[in-house]
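The structure file start26.csv is reproduced below (CSV, C-alpha atoms and all ligand atoms).
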chain,number,residue,atom,x,y,z
A,1,MET,CA,4.9,8.2,-21.9
A,2,GLU,CA,6.8,5.2,-23.0
A,3,ILE,CA,5.4,1.7,-22.3
A,4,VAL,CA,8.1,-0.9,-21.6
A,5,VAL,CA,7.6,-4.6,-21.0
A,6,THR,CA,11.2,-6.1,-21.0
A,7,LEU,CA,14.1,-5.3,-18.8
A,8,GLU,CA,16.2,-4.4,-21.8
A,9,GLN,CA,13.7,-1.7,-22.8
A,10,LEU,CA,13.6,-0.5,-19.2
A,11,ARG,CA,17.4,-0.3,-18.9
A,12,GLU,CA,17.6,1.7,-22.1
A,13,ALA,CA,15.2,4.3,-20.8
A,14,LEU,CA,16.9,4.4,-17.4
A,15,SER,CA,20.5,4.7,-18.7
A,16,SER,CA,19.7,7.7,-20.9
A,17,TRP,CA,18.2,9.5,-17.8
A,18,ARG,CA,21.1,8.6,-15.7
A,19,SER,CA,23.6,10.0,-18.2
A,20,GLU,CA,21.6,13.2,-18.0
A,21,LYS,CA,21.8,13.0,-14.2
A,22,LYS,CA,18.0,12.9,-13.8
A,23,THR,CA,16.6,11.7,-10.5
A,24,ILE,CA,14.1,8.8,-10.7
A,25,ALA,CA,11.0,8.0,-8.6
A,26,LEU,CA,9.2,4.6,-8.8
A,27,VAL,CA,5.5,4.1,-8.1
A,28,PRO,CA,4.9,0.3,-7.8
A,29,THR,CA,1.3,-0.7,-8.4
A,30,MET,CA,-0.8,-3.7,-9.4
A,31,GLY,CA,-2.8,-1.6,-11.8
A,32,ALA,CA,-6.6,-1.0,-11.8
A,33,LEU,CA,-5.5,2.6,-11.2
A,34,HIS,CA,-7.7,5.1,-9.3
A,35,ALA,CA,-7.2,8.6,-7.9
A,36,GLY,CA,-5.2,7.2,-5.0
A,37,HIS,CA,-2.6,5.9,-7.4
A,38,LEU,CA,-2.6,9.2,-9.3
A,39,ALA,CA,-1.8,11.0,-6.0
A,40,LEU,CA,1.3,8.7,-5.7
A,41,VAL,CA,2.4,9.6,-9.2
A,42,GLU,CA,1.9,13.3,-8.4
A,43,GLU,CA,4.1,13.0,-5.3
A,44,ALA,CA,6.6,11.1,-7.3
A,45,SER,CA,6.8,13.8,-9.9
A,46,ARG,CA,7.2,16.5,-7.2
A,47,ARG,CA,10.2,14.5,-5.8
A,48,ALA,CA,12.1,13.4,-9.0
A,49,ASP,CA,12.8,14.4,-12.6
A,50,ARG,CA,11.4,11.2,-14.0
A,51,VAL,CA,8.6,8.8,-12.8
A,52,VAL,CA,8.4,5.1,-13.5
A,53,VAL,CA,5.0,3.5,-12.8
A,54,SER,CA,5.1,-0.3,-12.6
A,55,ILE,CA,2.0,-2.4,-13.1
A,56,PHE,CA,2.3,-6.0,-12.1
A,57,VAL,CA,-0.2,-8.2,-10.4
A,58,ASN,CA,2.2,-10.1,-8.3
A,59,PRO,CA,1.2,-13.8,-7.9
A,60,LEU,CA,3.7,-14.3,-5.0
A,61,GLN,CA,1.7,-12.0,-2.7
A,62,PHE,CA,-1.6,-13.8,-3.1
A,63,GLY,CA,-2.5,-16.8,-0.9
A,64,PRO,CA,-4.0,-20.0,-2.5
A,65,ASN,CA,-7.6,-19.0,-1.7
A,66,GLU,CA,-7.3,-15.3,-2.5
A,67,ASP,CA,-8.4,-13.1,-5.4
A,68,PHE,CA,-5.4,-13.4,-7.7
A,69,SER,CA,-7.4,-14.7,-10.7
A,70,GLN,CA,-10.3,-12.2,-10.1
A,71,TYR,CA,-8.0,-9.2,-9.4
A,72,PRO,CA,-8.9,-6.5,-12.0
A,73,ARG,CA,-6.5,-6.3,-14.9
A,74,THR,CA,-7.2,-3.1,-16.9
A,75,LEU,CA,-3.8,-2.4,-18.5
A,76,SER,CA,-5.1,-0.4,-21.5
A,77,LEU,CA,-7.4,1.8,-19.4
A,78,ASP,CA,-4.5,2.3,-16.9
A,79,GLN,CA,-2.2,3.2,-19.7
A,80,ALA,CA,-4.7,5.8,-21.1
A,81,GLN,CA,-5.3,7.2,-17.7
A,82,LEU,CA,-1.6,7.7,-17.0
A,83,LYS,CA,-1.1,9.3,-20.4
A,84,ARG,CA,-3.9,11.8,-19.8
A,85,HIS,CA,-2.5,12.5,-16.4
A,86,GLY,CA,0.7,13.4,-18.1
A,87,LEU,CA,3.2,12.9,-15.2
A,88,ALA,CA,4.7,9.4,-15.7
A,89,SER,CA,7.7,9.0,-18.0
A,90,VAL,CA,7.6,5.3,-18.3
A,91,LEU,CA,5.0,2.6,-17.6
A,92,PHE,CA,6.8,-0.6,-16.8
A,93,ALA,CA,4.4,-3.6,-17.3
A,94,PRO,CA,6.5,-6.8,-17.1
A,95,THR,CA,5.1,-10.2,-17.7
A,96,VAL,CA,5.3,-12.9,-15.0
A,97,SER,CA,8.2,-14.5,-16.9
A,98,VAL,CA,10.2,-11.2,-16.9
A,99,MET,CA,9.6,-10.8,-13.2
A,100,TYR,CA,10.1,-14.5,-12.2
A,101,PRO,CA,12.5,-15.8,-14.9
A,102,SER,CA,12.9,-19.2,-13.2
A,103,GLY,CA,9.2,-19.8,-12.5
A,104,ALA,CA,8.6,-20.0,-8.7
A,105,SER,CA,11.2,-17.8,-7.0
A,106,ARG,CA,13.6,-19.8,-4.9
A,107,THR,CA,14.9,-16.6,-3.3
A,108,THR,CA,12.6,-14.5,-1.1
A,109,VAL,CA,13.0,-11.4,1.1
A,110,VAL,CA,11.5,-11.8,4.6
A,111,VAL,CA,11.0,-9.0,7.1
A,112,GLY,CA,10.4,-11.4,10.0
A,113,ARG,CA,8.0,-10.5,12.8
A,114,MET,CA,6.5,-7.4,11.2
A,115,SER,CA,5.1,-9.5,8.4
A,116,GLU,CA,3.4,-11.9,10.8
A,117,VAL,CA,1.2,-9.4,12.7
A,118,LEU,CA,-2.0,-7.6,11.7
A,119,CYS,CA,-2.8,-8.7,8.1
A,120,GLY,CA,0.0,-11.2,8.3
A,121,ARG,CA,-2.0,-13.5,10.6
A,122,ALA,CA,-4.7,-14.1,7.9
A,123,ARG,CA,-2.3,-13.7,5.0
A,124,PRO,CA,0.9,-15.5,6.2
A,125,THR,CA,2.7,-15.4,2.8
A,126,HIS,CA,1.5,-12.0,1.6
A,127,PHE,CA,4.3,-9.7,2.8
A,128,VAL,CA,7.0,-12.1,1.7
A,129,GLY,CA,5.5,-11.7,-1.8
A,130,VAL,CA,5.4,-7.9,-1.4
A,131,THR,CA,9.0,-7.5,-0.1
A,132,THR,CA,10.3,-9.9,-2.7
A,133,VAL,CA,8.7,-8.2,-5.7
A,134,VAL,CA,9.5,-4.7,-4.3
A,135,THR,CA,13.2,-5.8,-3.9
A,136,LYS,CA,13.2,-6.9,-7.5
A,137,LEU,CA,11.7,-3.6,-8.7
A,138,PHE,CA,14.2,-1.7,-6.7
A,139,HIS,CA,17.0,-3.7,-8.4
A,140,MET,CA,15.5,-3.2,-11.8
A,141,VAL,CA,14.8,0.5,-11.6
A,142,GLN,CA,17.3,1.7,-8.9
A,143,PRO,CA,15.1,4.6,-8.1
A,144,ASP,CA,16.1,7.6,-5.9
A,145,PHE,CA,12.5,7.6,-4.4
A,146,ALA,CA,9.8,5.0,-4.1
A,147,VAL,CA,6.3,6.1,-3.4
A,148,PHE,CA,3.6,4.0,-1.5
A,149,GLY,CA,0.2,4.7,-0.1
A,150,GLN,CA,-0.4,5.1,3.7
A,151,LYS,CA,-3.5,3.1,3.3
A,152,ASP,CA,-1.3,0.0,3.4
A,153,ALA,CA,0.3,1.1,6.6
A,154,GLN,CA,1.8,-2.3,7.4
A,155,GLN,CA,3.2,-2.6,3.9
A,156,LEU,CA,4.8,0.8,4.2
A,157,ALA,CA,6.3,0.1,7.6
A,158,ILE,CA,7.7,-3.2,6.4
A,159,ILE,CA,9.2,-1.7,3.2
A,160,ARG,CA,10.8,1.1,5.3
A,161,GLN,CA,12.3,-1.5,7.6
A,162,MET,CA,13.6,-3.6,4.6
A,163,VAL,CA,15.2,-0.5,3.0
A,164,LEU,CA,17.0,0.2,6.3
A,165,ASP,CA,18.0,-3.4,6.9
A,166,LEU,CA,19.3,-4.1,3.3
A,167,ASN,CA,20.9,-0.6,2.8
A,168,PHE,CA,18.9,0.2,-0.3
A,169,ALA,CA,19.8,3.7,-1.6
A,170,VAL,CA,16.2,4.7,-2.0
A,171,THR,CA,14.1,7.2,0.0
A,172,VAL,CA,10.7,5.7,0.8
A,173,VAL,CA,7.8,8.2,0.6
A,174,GLY,CA,4.4,7.6,2.1
A,175,VAL,CA,1.3,9.4,0.6
A,176,PRO,CA,-1.9,10.1,2.6
A,177,THR,CA,-4.9,7.9,1.7
A,178,VAL,CA,-7.3,9.3,-0.9
A,179,ARG,CA,-11.0,8.8,0.2
A,180,GLU,CA,-14.4,9.0,-1.4
A,181,PRO,CA,-16.7,11.7,0.1
A,182,SER,CA,-18.2,9.0,2.4
A,183,GLY,CA,-14.7,8.4,3.9
A,184,LEU,CA,-14.2,5.1,2.1
A,185,ALA,CA,-10.5,4.7,1.3
A,186,LEU,CA,-10.0,4.2,-2.5
A,187,SER,CA,-8.9,0.7,-3.3
A,188,SER,CA,-8.8,-1.4,-6.5
A,189,ARG,CA,-10.8,-4.0,-4.4
A,190,ASN,CA,-13.8,-1.5,-4.0
A,191,ARG,CA,-14.8,-2.8,-7.4
A,192,TYR,CA,-16.0,-5.9,-5.6
A,193,LEU,CA,-18.5,-3.9,-3.6
A,194,SER,CA,-22.2,-3.3,-4.3
A,195,ILE,CA,-23.8,0.2,-3.5
A,196,GLU,CA,-25.0,-1.2,-0.2
A,197,ASP,CA,-21.6,-2.7,0.6
A,198,LYS,CA,-20.0,0.7,-0.1
A,199,HIS,CA,-22.3,2.3,2.4
A,200,ARG,CA,-21.4,-0.2,5.1
A,201,ALA,CA,-17.7,0.0,4.1
A,202,SER,CA,-17.8,3.8,4.9
A,203,TYR,CA,-18.1,2.8,8.5
A,204,LEU,CA,-14.5,1.6,8.6
A,205,PHE,CA,-13.3,5.2,8.4
A,206,ARG,CA,-16.2,6.4,10.5
A,207,GLY,CA,-15.1,4.0,13.3
A,208,LEU,CA,-11.5,5.2,13.0
A,209,LEU,CA,-12.7,8.8,13.3
A,210,ALA,CA,-14.9,8.0,16.3
A,211,ALA,CA,-11.8,6.5,18.0
A,212,LYS,CA,-9.8,9.6,17.0
A,213,SER,CA,-12.4,11.9,18.6
A,214,LEU,CA,-12.0,10.0,21.9
A,215,PHE,CA,-8.2,10.2,21.5
A,216,ASP,CA,-8.4,14.0,20.8
A,217,ALA,CA,-10.5,14.3,24.0
A,218,GLY,CA,-7.7,12.7,26.0
A,219,GLU,CA,-8.5,8.9,25.9
A,220,ARG,CA,-5.1,7.0,25.8
A,221,ASN,CA,-6.3,3.4,26.6
A,222,PRO,CA,-5.8,1.4,23.3
A,223,GLN,CA,-8.5,-1.1,24.3
A,224,VAL,CA,-11.1,1.7,24.6
A,225,LEU,CA,-10.1,3.1,21.2
A,226,VAL,CA,-10.3,-0.3,19.6
A,227,ALA,CA,-13.7,-1.0,21.2
A,228,GLN,CA,-15.0,2.3,19.8
A,229,VAL,CA,-14.1,1.1,16.3
A,230,ILE,CA,-15.6,-2.3,16.8
A,231,ASP,CA,-18.8,-0.8,18.2
A,232,THR,CA,-19.1,1.5,15.1
A,233,LEU,CA,-18.6,-1.4,12.7
A,234,HIS,CA,-21.3,-3.4,14.6
A,235,GLN,CA,-23.8,-0.6,13.8
A,236,VAL,CA,-23.8,-1.9,10.2
A,237,ASP,CA,-23.3,-5.6,11.1
A,238,LEU,CA,-19.6,-5.7,10.2
A,239,THR,CA,-17.3,-7.9,12.1
A,240,PRO,CA,-13.6,-6.9,11.7
A,241,GLU,CA,-10.9,-9.5,11.2
A,242,TYR,CA,-8.8,-7.3,13.5
A,243,VAL,CA,-8.7,-3.8,15.0
A,244,GLU,CA,-5.4,-3.0,16.6
A,245,CYS,CA,-3.4,-0.1,18.0
A,246,VAL,CA,0.3,-0.7,17.1
A,247,ASP,CA,3.6,1.2,17.1
A,248,ARG,CA,3.7,3.2,13.9
A,249,GLU,CA,7.2,2.0,12.9
A,250,LEU,CA,7.7,-1.5,14.3
A,251,LEU,CA,4.0,-2.5,14.5
A,252,ASP,CA,4.4,-3.8,18.0
A,253,PRO,CA,1.1,-3.8,20.0
A,254,VAL,CA,0.9,-0.8,22.3
A,255,ASP,CA,1.8,-1.8,25.8
A,256,GLY,CA,0.0,0.3,28.4
A,257,LEU,CA,-1.3,3.8,27.4
A,258,VAL,CA,-0.6,5.5,24.1
A,259,SER,CA,2.4,7.8,24.7
A,260,ARG,CA,4.0,7.9,21.2
A,261,PRO,CA,2.6,7.9,17.6
A,262,VAL,CA,0.6,4.8,16.9
A,263,THR,CA,-1.3,3.3,13.9
A,264,LEU,CA,-4.9,2.3,14.6
A,265,ALA,CA,-5.4,-0.3,11.9
A,266,LEU,CA,-8.2,-2.7,10.8
A,267,ALA,CA,-9.1,-5.3,8.3
A,268,CYS,CA,-12.7,-6.1,7.7
A,269,PRO,CA,-14.6,-8.3,5.3
A,270,VAL,CA,-17.4,-6.3,3.5
A,271,GLY,CA,-19.4,-8.2,0.8
A,272,ALA,CA,-16.9,-10.0,-1.5
A,273,ALA,CA,-14.0,-7.8,-0.4
A,274,ARG,CA,-11.6,-7.8,2.4
A,275,LEU,CA,-10.8,-4.1,3.1
A,276,ILE,CA,-8.1,-2.4,5.2
A,277,ASP,CA,-7.8,1.1,6.6
A,278,ASN,CA,-5.9,2.9,9.3
A,279,ILE,CA,-5.2,6.3,10.9
A,280,THR,CA,-2.3,7.7,12.9
A,281,LEU,CA,-2.9,8.9,16.5
A,282,ASP,CA,-0.1,11.1,17.7
A,283,PRO,CA,-0.1,12.3,21.3
A,284,GLY,CA,2.3,15.1,20.5
A,285,HIS,CA,0.1,16.5,17.8
A,286,HIS,CA,-2.9,18.7,18.8
A,287,GLU,CA,-5.3,20.0,16.2
B,1,LIG,O1,0.5,-2.0,-2.9
B,1,LIG,C1,0.5,-2.7,-3.9
B,1,LIG,O2,-0.2,-2.4,-4.9
B,1,LIG,C2,1.4,-3.9,-4.0
B,1,LIG,O3,1.5,-4.5,-2.8
B,1,LIG,C3,2.8,-3.5,-4.5
B,1,LIG,C4,3.6,-2.6,-3.6
B,1,LIG,C5,2.7,-2.9,-5.9
B,1,LIG,C6,3.7,-4.8,-4.7
B,1,LIG,O4,3.1,-5.7,-5.6

Let's see the structure in the file written out as structure tokens.
Ligand code: PAF
Amino acid sequence: MEIVVTLEQLREALSSWRSEKKTIALVPTMGALHAGHLALVEEASRRADRVVVSIFVNPLQFGPNEDFSQYPRTLSLDQAQLKRHGLASVLFAPTVSVMYPSGASRTTVVVGRMSEVLCGRARPTHFVGVTTVVTKLFHMVQPDFAVFGQKDAQQLAIIRQMVLDLNFAVTVVGVPTVREPSGLALSSRNRYLSIEDKHRASYLFRGLLAAKSLFDAGERNPQVLVAQVIDTLHQVDLTPEYVECVDRELLDPVDGLVSRPVTLALACPVGAARLIDNITLDPGHHE
């Protein structure tokens, strides 16, 4: 696996693959890699001949009072992990000045309303930061495939919409969330949790599963499903920032009863972390 830092190095690697007609998959990350990221790399390597993993802690997607400075930066461990894993061809780890050559970016990419709902209410500039940096990565790598985790369901929906709206020639692939045995979704921010926090955090998925059990038994009222999640969280004194049932693609709140696939999504502070999770509820799908 080659490690590249500059755009010149990246372009050199890419141009030799292109001349060999190799397909390319990009896995954008912010590092602090865990098994969830490795699942993205595995999916990328199933889809394409060559895999580029990017590691960049993107300042533009953090708000002024968020965890940009504390966010774990473990580049040499990440590099060793990817090397052992053996599926990435290139690790692209640009500096802030490579990614933002003129300092603060004067150009941003905004996917309007979808960025303002759910997490966008508490993090009003977050998704503009994500869509701007992902656009830059798409321009730099020009991948055939780009692979993202379904844990960030809002991010995935917004990126799919951006790709459609801006005619990017990339296929966006979503990969199911990887979980600890307790059900806790893997996240780089789980490092902020104590053992006790982790136990309480496992109730996020427990709540979503409790709502899914109701759904599977025929409940279609989104308010009842949301209330079930909130009740489960209250059992361990957690108060969510939001729990919402939204259209899976456009993230609109469900109007009336659930009659098409929806995402049941939540964000919840646990200890020093703000965690997110979600599941899909599909009325056409019976287990
Ligand atoms: O999901 C993430 O880790 C980030 O939001 C991403 C997509 C790498 C953009 O910085």

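Separating CA of Thr263 in chain A from CA of Ala44 in chain A is a distance of 23.9 Å.
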
Step by step, measure atom-to-atom distances between ligand LIG 1 (chain B) and each residue using all atoms listed in the file, keep those at most 8 Å, then write them as a count of residues only. 20

Contact residues around Ala153 in chain A with all atoms listed in the file at 9 Å, ignoring same-chain residues under 6 positions, as a ChimeraX atom specification: /A:174,248,263,265,277-279

May I have the selected residues written with C-alpha atoms, as a CSV table (one decimal), in the coordinates of the input?
chain,number,residue,atom,x,y,z
A,174,GLY,CA,4.4,7.6,2.1
A,248,ARG,CA,3.7,3.2,13.9
A,263,THR,CA,-1.3,3.3,13.9
A,265,ALA,CA,-5.4,-0.3,11.9
A,277,ASP,CA,-7.8,1.1,6.6
A,278,ASN,CA,-5.9,2.9,9.3
A,279,ILE,CA,-5.2,6.3,10.9

I'd like to know which of A:Val262, A:Leu186, A:Leu87, A:Val109 is closest to Leu166 in chain A, using only C-alpha atoms. A:Val109

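Each of A:Ile276, A:Ala88, A:Ala210, A:Val172 was checked against Ala185 in chain A using all atoms listed in the file; the smallest atom-to-atom distance is that of A:Ile276.
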
Residues within 10 Å of Gly183 in chain A, please, as a ChimeraX atom specification. Count only C-alpha atoms; anything in the same chain fewer than 5 positions from it doesn't count. /A:178,199,201-206,209

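CA of Tyr192 in chain A to CA of Leu33 in chain A spans 14.6 Å [interatomic distance, one decimal].
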